[in-house]
file work.cif (mmCIF, C-alpha atoms and all ligand atoms)
data_run
loop_
_atom_site.label_atom_id
_atom_site.label_comp_id
_atom_site.auth_asym_id
_atom_site.auth_seq_id
_atom_site.Cartn_x
_atom_site.Cartn_y
_atom_site.Cartn_z
CA MET A 1 38.02 4.65 5.68
CA SER A 2 34.80 4.18 3.73
CA PRO A 3 33.87 7.00 1.33
CA ARG A 4 31.04 9.42 1.97
CA LEU A 5 27.97 9.18 -0.27
CA GLU A 6 28.85 12.58 -1.78
CA ASP A 7 32.20 11.16 -2.90
CA LEU A 8 30.66 8.39 -4.97
CA PRO A 9 29.71 8.93 -8.65
CA LEU A 10 26.02 8.78 -7.69
CA ARG A 11 23.40 9.90 -10.24
CA ASP A 12 22.87 13.65 -9.84
CA ASP A 13 19.10 13.21 -9.52
CA LEU A 14 19.56 10.87 -6.52
CA ARG A 15 21.78 13.26 -4.58
CA GLY A 16 20.14 14.62 -1.44
CA MET A 17 17.36 12.02 -1.46
CA THR A 18 16.55 10.08 1.71
CA PRO A 19 15.57 6.40 1.57
CA TYR A 20 12.20 5.09 2.85
CA GLY A 21 12.73 5.01 6.56
CA ALA A 22 9.86 4.03 8.84
CA PRO A 23 11.66 3.49 12.16
CA GLN A 24 12.20 -0.21 12.93
CA ALA A 25 12.40 -0.74 16.68
CA PRO A 26 11.96 -3.93 18.71
CA LEU A 27 9.10 -2.58 20.82
CA PRO A 28 6.42 -4.89 22.28
CA ILE A 29 3.59 -3.03 20.47
CA ALA A 30 4.45 -2.17 16.82
CA LEU A 31 1.60 -0.32 15.14
CA ASN A 32 3.57 1.87 12.73
CA VAL A 33 3.60 0.34 9.23
CA ASN A 34 0.01 -0.77 8.69
CA GLU A 35 0.77 -4.46 8.91
CA ASN A 36 -1.81 -7.05 9.80
CA THR A 37 -0.77 -7.87 13.35
CA HIS A 38 -2.62 -11.20 13.34
CA PRO A 39 -0.38 -14.15 12.40
CA VAL A 40 -1.29 -16.55 9.55
CA PRO A 41 -3.56 -19.28 11.02
CA GLN A 42 -1.66 -22.51 11.78
CA ASP A 43 -3.58 -24.77 9.37
CA VAL A 44 -2.88 -22.35 6.49
CA ALA A 45 0.76 -21.97 7.55
CA ASP A 46 1.09 -25.80 7.44
CA ASP A 47 -0.31 -25.94 3.90
CA ILE A 48 1.97 -23.09 2.79
CA MET A 49 4.96 -24.95 4.27
CA ASP A 50 4.00 -28.11 2.32
CA SER A 51 3.78 -26.09 -0.90
CA ILE A 52 7.14 -24.45 -0.28
CA ALA A 53 8.68 -27.86 0.49
CA LEU A 54 7.37 -29.17 -2.84
CA ALA A 55 8.71 -26.14 -4.72
CA LEU A 56 12.10 -26.63 -3.07
CA ARG A 57 12.53 -29.97 -4.84
CA ASP A 58 12.77 -28.12 -8.18
CA VAL A 59 14.66 -25.10 -6.92
CA ASN A 60 17.68 -26.06 -9.06
CA ARG A 61 15.55 -24.82 -12.01
CA TYR A 62 14.41 -21.28 -12.69
CA PRO A 63 10.78 -20.71 -11.70
CA ASP A 64 7.86 -20.19 -14.13
CA ARG A 65 8.75 -16.75 -15.49
CA GLU A 66 5.07 -16.09 -16.20
CA PHE A 67 3.92 -17.25 -12.72
CA THR A 68 0.89 -18.73 -14.47
CA ALA A 69 -0.68 -20.57 -11.53
CA LEU A 70 -0.32 -17.55 -9.28
CA ARG A 71 -1.90 -15.22 -11.84
CA GLU A 72 -4.81 -17.63 -12.14
CA GLY A 73 -5.13 -17.57 -8.36
CA PHE A 74 -5.28 -13.76 -8.32
CA ALA A 75 -7.81 -13.67 -11.18
CA ASP A 76 -10.05 -16.10 -9.27
CA TYR A 77 -9.67 -14.14 -6.05
CA LEU A 78 -10.47 -10.78 -7.66
CA GLY A 79 -13.45 -12.04 -9.68
CA HIS A 80 -15.11 -9.47 -11.97
CA GLY A 81 -14.56 -11.89 -14.87
CA LEU A 82 -10.79 -11.21 -14.86
CA THR A 83 -8.46 -13.69 -16.53
CA ARG A 84 -4.78 -14.39 -15.91
CA GLU A 85 -3.75 -12.32 -18.97
CA GLN A 86 -5.01 -9.27 -17.05
CA ILE A 87 -2.95 -9.97 -13.93
CA TRP A 88 0.61 -9.01 -13.00
CA ALA A 89 2.45 -9.65 -9.74
CA ALA A 90 5.77 -8.85 -8.11
CA ASN A 91 7.61 -8.74 -4.77
CA GLY A 92 5.16 -6.48 -2.97
CA SER A 93 2.95 -3.89 -4.60
CA ASN A 94 5.91 -1.52 -4.30
CA GLU A 95 7.62 -3.54 -7.02
CA VAL A 96 4.41 -3.72 -9.03
CA LEU A 97 4.23 0.09 -8.92
CA GLN A 98 7.93 0.30 -9.78
CA HIS A 99 7.30 -1.81 -12.91
CA VAL A 100 4.50 0.56 -13.95
CA LEU A 101 6.80 3.56 -13.47
CA GLN A 102 9.72 1.91 -15.25
CA ALA A 103 7.48 1.27 -18.24
CA PHE A 104 5.51 4.52 -18.30
CA ALA A 105 7.55 7.16 -16.42
CA GLY A 106 11.37 7.43 -16.58
CA PRO A 107 13.64 10.34 -17.55
CA GLY A 108 11.87 13.47 -18.78
CA ARG A 109 8.45 12.20 -17.66
CA THR A 110 6.25 12.94 -14.64
CA ALA A 111 4.06 11.13 -12.14
CA PHE A 112 1.34 12.81 -10.08
CA GLY A 113 -0.55 12.17 -6.83
CA PHE A 114 -2.77 14.10 -4.41
CA ALA A 115 -0.68 14.93 -1.31
CA PRO A 116 -0.48 13.79 1.38
CA THR A 117 -0.37 10.30 -0.07
CA TYR A 118 1.74 7.14 0.05
CA SER A 119 5.33 8.24 0.64
CA MET A 120 6.81 5.68 -1.75
CA TYR A 121 5.18 7.19 -4.86
CA PRO A 122 7.66 10.09 -5.12
CA LEU A 123 10.61 7.85 -4.22
CA LEU A 124 9.72 5.20 -6.81
CA THR A 125 9.06 7.92 -9.38
CA ARG A 126 12.37 9.69 -8.86
CA ALA A 127 14.29 6.41 -8.86
CA THR A 128 13.16 5.90 -12.48
CA GLY A 129 14.49 9.37 -13.35
CA ALA A 130 11.02 10.93 -13.57
CA SER A 131 9.75 13.96 -11.61
CA TRP A 132 7.04 13.91 -8.97
CA LEU A 133 4.17 16.39 -9.10
CA ALA A 134 2.02 16.84 -5.97
CA GLY A 135 -1.63 17.87 -6.28
CA THR A 136 -3.77 19.07 -3.39
CA ARG A 137 -6.69 17.74 -1.33
CA ALA A 138 -9.48 19.47 0.57
CA SER A 139 -8.82 20.18 4.27
CA ASP A 140 -10.51 16.88 5.23
CA TYR A 141 -8.17 15.13 2.73
CA SER A 142 -11.00 14.25 0.34
CA VAL A 143 -10.69 14.75 -3.41
CA ASP A 144 -13.64 15.71 -5.57
CA ALA A 145 -14.09 14.68 -9.18
CA SER A 146 -14.09 18.02 -10.96
CA ASP A 147 -11.22 19.47 -8.93
CA ALA A 148 -9.19 16.28 -9.39
CA ALA A 149 -9.80 16.28 -13.15
CA ALA A 150 -8.80 19.95 -13.41
CA GLN A 151 -5.57 19.39 -11.45
CA VAL A 152 -4.63 16.36 -13.55
CA ALA A 153 -5.46 18.11 -16.83
CA ASP A 154 -3.28 21.01 -15.73
CA ALA A 155 -0.32 18.84 -14.68
CA ALA A 156 -0.58 16.55 -17.75
CA PRO A 157 1.39 13.74 -16.04
CA ASP A 158 2.43 10.44 -17.64
CA VAL A 159 1.32 8.43 -14.60
CA VAL A 160 -1.33 9.33 -11.99
CA PHE A 161 -1.54 7.61 -8.60
CA LEU A 162 -4.93 7.48 -6.90
CA CYS A 163 -4.61 5.82 -3.52
CA ALA A 164 -8.03 4.39 -2.68
CA PRO A 165 -8.44 4.50 0.26
CA ASN A 166 -5.54 6.87 0.83
CA ASN A 167 -2.46 6.26 2.98
CA PRO A 168 -1.63 8.01 5.36
CA THR A 169 -5.04 9.65 5.80
CA GLY A 170 -7.44 6.66 5.42
CA THR A 171 -9.70 8.74 3.15
CA PRO A 172 -12.03 6.90 0.74
CA LEU A 173 -12.06 7.86 -2.95
CA GLY A 174 -15.21 7.84 -5.09
CA LEU A 175 -15.27 5.93 -8.39
CA ASP A 176 -16.48 9.17 -9.98
CA VAL A 177 -13.05 10.68 -9.20
CA ILE A 178 -11.31 7.80 -10.96
CA GLU A 179 -13.55 8.15 -14.03
CA ALA A 180 -13.03 11.91 -14.17
CA VAL A 181 -9.25 11.66 -13.76
CA TYR A 182 -9.05 8.94 -16.42
CA ASP A 183 -10.91 11.15 -18.87
CA ALA A 184 -8.68 14.13 -18.01
CA THR A 185 -5.40 12.45 -18.97
CA ASP A 186 -3.73 10.39 -21.70
CA GLY A 187 -1.42 8.91 -19.08
CA VAL A 188 -1.63 5.70 -17.09
CA VAL A 189 -3.96 5.92 -14.07
CA VAL A 190 -3.00 3.66 -11.17
CA VAL A 191 -5.64 3.07 -8.51
CA ASP A 192 -3.78 1.68 -5.49
CA GLU A 193 -6.26 -0.48 -3.56
CA ALA A 194 -3.73 -1.76 -1.01
CA TYR A 195 -6.35 -1.38 1.75
CA PHE A 196 -9.49 -2.20 -0.25
CA GLU A 197 -10.48 -5.22 1.87
CA PHE A 198 -10.94 -2.94 4.91
CA ALA A 199 -13.55 -0.77 3.12
CA PRO A 200 -17.27 -1.32 3.78
CA ARG A 201 -18.32 -4.65 2.23
CA ASP A 202 -20.76 -3.27 -0.36
CA GLU A 203 -18.27 -0.76 -1.84
CA ARG A 204 -17.41 -1.16 -5.53
CA SER A 205 -13.77 -1.63 -6.46
CA ALA A 206 -12.06 0.26 -9.29
CA LEU A 207 -11.80 -3.20 -10.90
CA THR A 208 -15.37 -2.58 -12.12
CA LEU A 209 -14.02 0.33 -14.22
CA LEU A 210 -11.41 -1.73 -16.10
CA PRO A 211 -13.48 -2.68 -19.20
CA ASN A 212 -12.67 -0.30 -22.10
CA ARG A 213 -10.09 1.62 -20.05
CA GLU A 214 -6.78 0.34 -21.43
CA ARG A 215 -4.71 2.85 -19.42
CA LEU A 216 -6.27 1.98 -16.06
CA VAL A 217 -4.35 -0.14 -13.51
CA VAL A 218 -5.73 -1.41 -10.20
CA SER A 219 -3.05 -2.58 -7.76
CA ARG A 220 -3.50 -4.65 -4.63
CA THR A 221 -1.27 -6.33 -2.07
CA MET A 222 -1.22 -9.45 0.09
CA SER A 223 0.62 -7.44 2.77
CA LYS A 224 -2.38 -5.98 4.57
CA ALA A 225 -5.67 -7.90 4.70
CA PHE A 226 -3.91 -11.19 3.77
CA ALA A 227 -1.42 -10.94 6.65
CA PHE A 228 1.42 -11.71 4.23
CA ALA A 229 3.69 -8.63 4.44
CA GLY A 230 6.83 -10.68 5.08
CA ALA A 231 6.28 -12.81 1.96
CA ARG A 232 6.37 -9.70 -0.30
CA VAL A 233 3.58 -10.25 -2.79
CA GLY A 234 1.67 -7.53 -4.62
CA TYR A 235 -0.36 -7.68 -7.83
CA LEU A 236 -2.37 -5.63 -10.28
CA ALA A 237 -5.12 -5.99 -12.84
CA ALA A 238 -5.11 -4.14 -16.17
CA ASP A 239 -5.56 -4.63 -19.90
CA PRO A 240 -3.39 -7.50 -21.29
CA THR A 241 -1.53 -5.03 -23.54
CA LEU A 242 -0.49 -2.92 -20.54
CA ILE A 243 0.64 -6.12 -18.82
CA ASP A 244 2.83 -6.83 -21.87
CA ALA A 245 4.54 -3.47 -21.34
CA LEU A 246 5.53 -4.55 -17.80
CA ARG A 247 7.37 -7.58 -19.21
CA LEU A 248 9.80 -5.14 -20.82
CA VAL A 249 11.09 -3.90 -17.46
CA ARG A 250 10.82 -6.79 -15.01
CA LEU A 251 13.86 -8.87 -14.19
CA PRO A 252 13.61 -12.37 -15.62
CA TYR A 253 12.24 -14.78 -12.99
CA HIS A 254 11.54 -11.91 -10.60
CA LEU A 255 9.11 -13.98 -8.53
CA SER A 256 10.97 -16.86 -6.89
CA ALA A 257 9.54 -20.38 -6.98
CA LEU A 258 9.19 -20.20 -3.19
CA THR A 259 7.25 -16.93 -3.34
CA GLN A 260 4.97 -18.27 -6.06
CA ALA A 261 4.32 -21.45 -4.10
CA ALA A 262 3.64 -19.59 -0.86
CA ALA A 263 1.32 -17.04 -2.44
CA SER A 264 -0.64 -19.62 -4.45
CA ALA A 265 -1.12 -21.70 -1.31
CA ALA A 266 -2.24 -18.65 0.69
CA LEU A 267 -4.72 -17.73 -2.04
CA ARG A 268 -6.29 -21.19 -1.84
CA HIS A 269 -7.15 -20.24 1.75
CA ALA A 270 -8.33 -16.70 1.00
CA PRO A 271 -11.42 -16.81 3.29
CA THR A 272 -9.30 -18.00 6.24
CA MET A 273 -6.50 -15.54 5.48
CA LEU A 274 -9.05 -12.73 5.42
CA ARG A 275 -10.79 -13.94 8.57
CA MET A 276 -9.30 -11.23 10.74
CA VAL A 277 -10.42 -8.31 8.57
CA ASP A 278 -13.67 -7.78 10.50
CA GLU A 279 -11.81 -7.93 13.81
CA ILE A 280 -9.25 -5.39 12.55
CA VAL A 281 -12.02 -3.09 11.33
CA ALA A 282 -13.64 -3.34 14.79
CA GLN A 283 -10.33 -2.36 16.46
CA ARG A 284 -9.87 0.48 13.96
CA ASP A 285 -13.31 1.85 14.79
CA ARG A 286 -12.58 1.45 18.50
CA ILE A 287 -9.41 3.52 18.03
CA SER A 288 -11.35 6.25 16.21
CA ALA A 289 -14.03 6.42 18.92
CA THR A 290 -11.55 6.33 21.80
CA VAL A 291 -9.07 8.89 20.49
CA GLU A 292 -12.03 11.19 19.86
CA ALA A 293 -13.18 10.70 23.45
CA LEU A 294 -9.63 11.60 24.52
CA GLY A 295 -9.98 14.92 22.70
CA TYR A 296 -8.20 14.14 19.40
CA THR A 297 -9.76 14.36 15.93
CA PRO A 298 -9.69 11.06 14.01
CA HIS A 299 -10.18 11.25 10.24
CA GLU A 300 -12.65 9.04 8.40
CA THR A 301 -10.84 5.82 7.48
CA TRP A 302 -11.55 2.82 5.24
CA THR A 303 -8.19 1.20 6.00
CA ASN A 304 -6.54 -0.71 8.86
CA PHE A 305 -5.18 2.50 10.43
CA VAL A 306 -6.34 5.81 11.87
CA LEU A 307 -4.84 9.25 11.29
CA PHE A 308 -5.73 11.56 14.16
CA GLY A 309 -5.24 15.28 14.57
CA GLY A 310 -5.27 17.59 17.54
CA VAL A 311 -1.81 16.44 18.67
CA ALA A 312 -0.08 19.53 20.06
CA ASP A 313 3.43 18.19 19.52
CA PRO A 314 3.51 14.93 17.50
CA ALA A 315 7.23 14.31 18.11
CA THR A 316 6.78 14.52 21.89
CA THR A 317 3.67 12.32 21.93
CA TRP A 318 5.37 9.82 19.59
CA GLN A 319 8.36 9.64 21.94
CA ALA A 320 6.17 9.35 25.05
CA LEU A 321 4.37 6.38 23.45
CA TYR A 322 7.73 4.90 22.39
CA ASP A 323 8.91 5.13 25.99
CA ARG A 324 5.80 3.17 26.97
CA GLY A 325 6.69 0.42 24.46
CA VAL A 326 4.26 1.51 21.73
CA LEU A 327 5.52 2.32 18.22
CA ILE A 328 3.21 4.39 16.00
CA ARG A 329 3.99 6.72 13.08
CA ASP A 330 4.67 10.41 12.79
CA VAL A 331 3.94 10.84 9.07
CA GLY A 332 5.03 14.46 9.06
CA ILE A 333 1.56 16.01 8.92
CA PRO A 334 1.51 18.86 11.44
CA ASN A 335 -0.43 18.02 14.64
CA HIS A 336 -1.18 14.48 13.46
CA LEU A 337 -0.11 10.92 14.22
CA ARG A 338 -1.06 7.65 12.54
CA VAL A 339 -1.67 4.32 14.26
CA THR A 340 -2.34 0.85 12.81
CA ALA A 341 -5.21 -1.19 14.26
CA GLY A 342 -3.70 -4.09 16.19
CA THR A 343 -5.08 -7.10 17.98
CA GLU A 344 -7.52 -6.26 20.76
CA GLU A 345 -4.67 -6.41 23.32
CA GLU A 346 -2.31 -4.27 21.25
CA THR A 347 -5.03 -1.74 20.60
CA THR A 348 -5.82 -1.58 24.30
CA ALA A 349 -2.12 -1.08 25.09
CA PHE A 350 -1.95 1.81 22.61
CA LEU A 351 -5.14 3.46 23.86
CA ASP A 352 -4.07 3.12 27.51
CA ALA A 353 -0.64 4.56 26.68
CA LEU A 354 -2.16 7.47 24.78
CA ALA A 355 -4.55 8.19 27.64
CA SER A 356 -1.65 8.23 30.09
CA VAL A 357 0.40 10.51 27.81
CA GLY A 358 -2.50 12.92 27.65
CA SER A 359 -2.81 13.09 31.38
CA THR A 360 0.91 13.59 31.94
CA SER A 361 1.77 16.13 29.22
C1 LIG B 1 -0.95 2.65 -0.29
C2 LIG B 1 0.09 1.61 -0.28
N1 LIG B 1 0.45 1.04 -1.43
C3 LIG B 1 1.40 0.10 -1.48
C4 LIG B 1 2.04 -0.33 -0.33
C5 LIG B 1 3.14 -1.32 -0.47
O1 LIG B 1 2.81 -2.55 0.03
P1 LIG B 1 3.64 -3.86 -0.30
O2 LIG B 1 4.85 -3.49 -1.08
O3 LIG B 1 3.94 -4.47 1.01
O4 LIG B 1 2.70 -4.71 -1.13
C6 LIG B 1 1.69 0.23 0.89
C7 LIG B 1 2.38 -0.20 2.14
O5 LIG B 1 2.22 0.32 3.19
C8 LIG B 1 0.70 1.23 0.92
O6 LIG B 1 0.34 1.82 2.06
#
call {"tool": "encode", "arguments": {"input": "work.cif", "output": "structure tokens", "more": "lines below"}}
Ligand SMILES: Cc1ncc(COP(=O)(O)O)c(C=O)c1O
result
Amino acid sequence: MSPRLEDLPLRDDLRGMTPYGAPQAPLPIALNVNENTHPVPQDVADDIMDSIALALRDVNRYPDREFTALREGFADYLGHGLTREQIWAANGSNEVLQHVLQAFAGPGRTAFGFAPTYSMYPLLTRATGASWLAGTRASDYSVDASDAAAQVADAAPDVVFLCAPNNPTGTPLGLDVIEAVYDATDGVVVVDEAYFEFAPRDERSALTLLPNRERLVVSRTMSKAFAFAGARVGYLAADPTLIDALRLVRLPYHLSALTQAAASAALRHAPTMLRMVDEIVAQRDRISATVEALGYTPHETWTNFVLFGGVADPATTWQALYDRGVLIRDVGIPNHLRVTAGTEEETTAFLDALASVGSTS
């Protein structure tokens, strides 16, 4: 008989924790984890396959531990005069964030974020032995600069997470908040721009704040706008000295030769990979308008998903949609559900299902 978890000599601080657990179900319409539901275009997929095939010829050797070509690719993609010394990457931005926490949090230290925010921040924090501190947002989930600075000064954390725009609410975050929070702490400030490409085109990124801020980190991912979630590639930009700190905690050769080849090839096709962003934004806005017409209250969103309130019983509505073949996310916010913008057909299927749930419940 296999032992129970309680019977194993598990670390005390991990006892009682639950793993990340977005339901995985083989439903026809999966709009629950903010993926890009548009597949990689065939011509790009062919080029990526060629690059992987080439990398396979040398797979008997360890890969470039410094993933030099890939870092150059990210620096070029991000612009803002960034160079490869300012870039780090790992298997998804989750691992990038884990590296930051391993280097700057850990036992006896704390990390802070404004709740509700990305559910992995507390899990990643606690897994390094650090404690999670939750700050608060206004009732519309916005955060203002002076309140944010006061909360951060009060909490005095070692690492601050600013999710911009925020998951699971979609809420944008002003650069003034980032500046104020940076000035209010001696800790590392991580601006998580996982969804930045879905923001209005003329919006400034936190990358513009990097000069002379050696404790500022801006993280991004290829999982969302780049339609590359399955490849697991995330990255960040920061001062070269902070990047050096991350080398202390990463596993040697953490990015496989195949991952590096695939990501570099995808980056060479950035405009094509990002081609669907406008279409996704159009579907997102269609969701907001339609759920509002159905009597729900969508929150402002600069991401590829919509959080909507006014749901009398989220668990029942979630199940009713599930029974209609549509998987969305109950993120645990009372009276709210979150849905990812899909293709036009998927979005239509979700909206039709939601309309039919409304009329039957
Ligand atoms: C805000 C935010 N950051 C980071 C991630 C992690 O993305 P990945 O590890 O796929 O790069 C996600 C995924 O949903 C997210 O919502």
call {"tool": "residues_near_ligand", "arguments": {"input": "work.cif", "ligand": "ligand LIG 1 (chain B)", "cutoff": "6 Å", "atoms": "all atoms listed in the file", "output": "list in words"}}
result
Gly92, Ser93, Asn94, Tyr118, Cys163, Asn167, Asp192, Ala194, Thr221, Ser223, Ala229, Arg232, Val233 and Gly234 of chain A
call {"tool": "residues_near_point", "arguments": {"input": "work.cif", "point": "(-1.0, -0.9, -19.8)", "cutoff": "9 Å", "atoms": "only C-alpha atoms", "output": "list of chain:residue names"}}
result
A:Val100, A:Ala103, A:Phe104, A:Val188, A:Glu214, A:Arg215, A:Leu216, A:Val217, A:Ala238, A:Asp239, A:Pro240, A:Thr241, A:Leu242, A:Ile243, A:Asp244, A:Ala245, A:Leu246
call {"tool": "atom_distance", "arguments": {"input": "work.cif", "atom1": "CA of Trp88 (chain A)", "atom2": "CA of Tyr235 (chain A)"}}
result
5.4 Å
call {"tool": "closest_residue", "arguments": {"input": "work.cif", "among": "A:Asp140, A:Gly79, A:Thr117, A:Ala231", "to": "Thr208 (chain A)", "atoms": "only C-alpha atoms"}}
result
A:Gly79
call {"tool": "atom_distance", "arguments": {"input": "work.cif", "atom1": "CA of Ala134 (chain A)", "atom2": "CA of Gln151 (chain A)"}}
result
9.7 Å
call {"tool": "residues_around", "arguments": {"input": "work.cif", "residues": "Asp183 (chain A)", "least_positions_apart": "2", "cutoff": "12 Å", "atoms": "only C-alpha atoms", "output": "number ranges by chain"}}
result
A: 145-146, 148-150, 152-153, 156, 160, 176-181, 185-189, 213-216
call {"tool": "atom_distance", "arguments": {"input": "work.cif", "atom1": "CA of Ile333 (chain A)", "atom2": "CA of Pro165 (chain A)"}}
result
17.5 Å
call {"tool": "closest_residue", "arguments": {"input": "work.cif", "among": "A:Tyr62, A:Asn304, A:Leu337, A:Ser2", "to": "Thr317 (chain A)", "atoms": "all atoms listed in the file"}}
result
A:Leu337
call {"tool": "closest_residue", "arguments": {"input": "work.cif", "among": "A:Ala262, A:Val159, A:Ala130, A:Leu124", "to": "Pro19 (chain A)", "atoms": "all atoms listed in the file"}}
result
A:Leu124
call {"tool": "closest_residue", "arguments": {"input": "work.cif", "among": "A:Ser142, A:Thr171, A:Thr301, A:Thr290", "to": "Leu351 (chain A)", "atoms": "only C-alpha atoms"}}
result
A:Thr290
call {"tool": "residues_around", "arguments": {"input": "work.cif", "residues": "Ser288 (chain A)", "least_positions_apart": "6", "cutoff": "9 Å", "atoms": "only C-alpha atoms", "output": "ChimeraX atom specification"}}
result
/A:297-301,306-308
call {"tool": "residues_around", "arguments": {"input": "work.cif", "residues": "Gly106 (chain A)", "least_positions_apart": "6", "cutoff": "9 Å", "atoms": "only C-alpha atoms", "output": "mmCIF file with C-alpha atoms, in the coordinates of the input"}}
result
data_model
loop_
_atom_site.group_PDB
_atom_site.id
_atom_site.type_symbol
_atom_site.label_atom_id
_atom_site.label_comp_id
_atom_site.auth_asym_id
_atom_site.auth_seq_id
_atom_site.Cartn_x
_atom_site.Cartn_y
_atom_site.Cartn_z
ATOM 1 C CA THR A 125 9.060 7.920 -9.380
ATOM 2 C CA ARG A 126 12.370 9.690 -8.860
ATOM 3 C CA ALA A 127 14.290 6.410 -8.860
ATOM 4 C CA THR A 128 13.160 5.900 -12.480
ATOM 5 C CA GLY A 129 14.490 9.370 -13.350
ATOM 6 C CA ALA A 130 11.020 10.930 -13.570
ATOM 7 C CA SER A 131 9.750 13.960 -11.610
#
call {"tool": "axis_aligned_box", "arguments": {"input": "work.cif", "around": "region 206-221 of chain A", "padding_each_side": "5 Å", "output": "JSON"}}
result
{"center_x": -8.3, "center_y": -1.7, "center_z": -12.1, "size_x": 24.1, "size_y": 19.2, "size_z": 30.0}
call {"tool": "closest_residue", "arguments": {"input": "work.cif", "among": "A:Ala105, A:Leu255, A:Leu321, A:Ala312", "to": "Thr68 (chain A)", "atoms": "all atoms listed in the file"}}
result
A:Leu255
call {"tool": "closest_residue", "arguments": {"input": "work.cif", "among": "A:Leu14, A:Gly174, A:Arg329, A:Gly230", "to": "Glu203 (chain A)", "atoms": "all atoms listed in the file"}}
result
A:Gly174
call {"tool": "residues_around", "arguments": {"input": "work.cif", "residues": "Asp313 (chain A)", "least_positions_apart": "3", "cutoff": "12 Å", "atoms": "all atoms listed in the file", "output": "ChimeraX atom specification"}}
result
/A:309-310,316-320,330,332-337,357-358,361
call {"tool": "residues_around", "arguments": {"input": "work.cif", "residues": "region 277-287 of chain A", "least_positions_apart": "3", "cutoff": "8 Å", "atoms": "only C-alpha atoms", "output": "number ranges by chain"}}
result
A: 197-198, 225, 274, 290-291, 303-306, 340-344, 347, 351
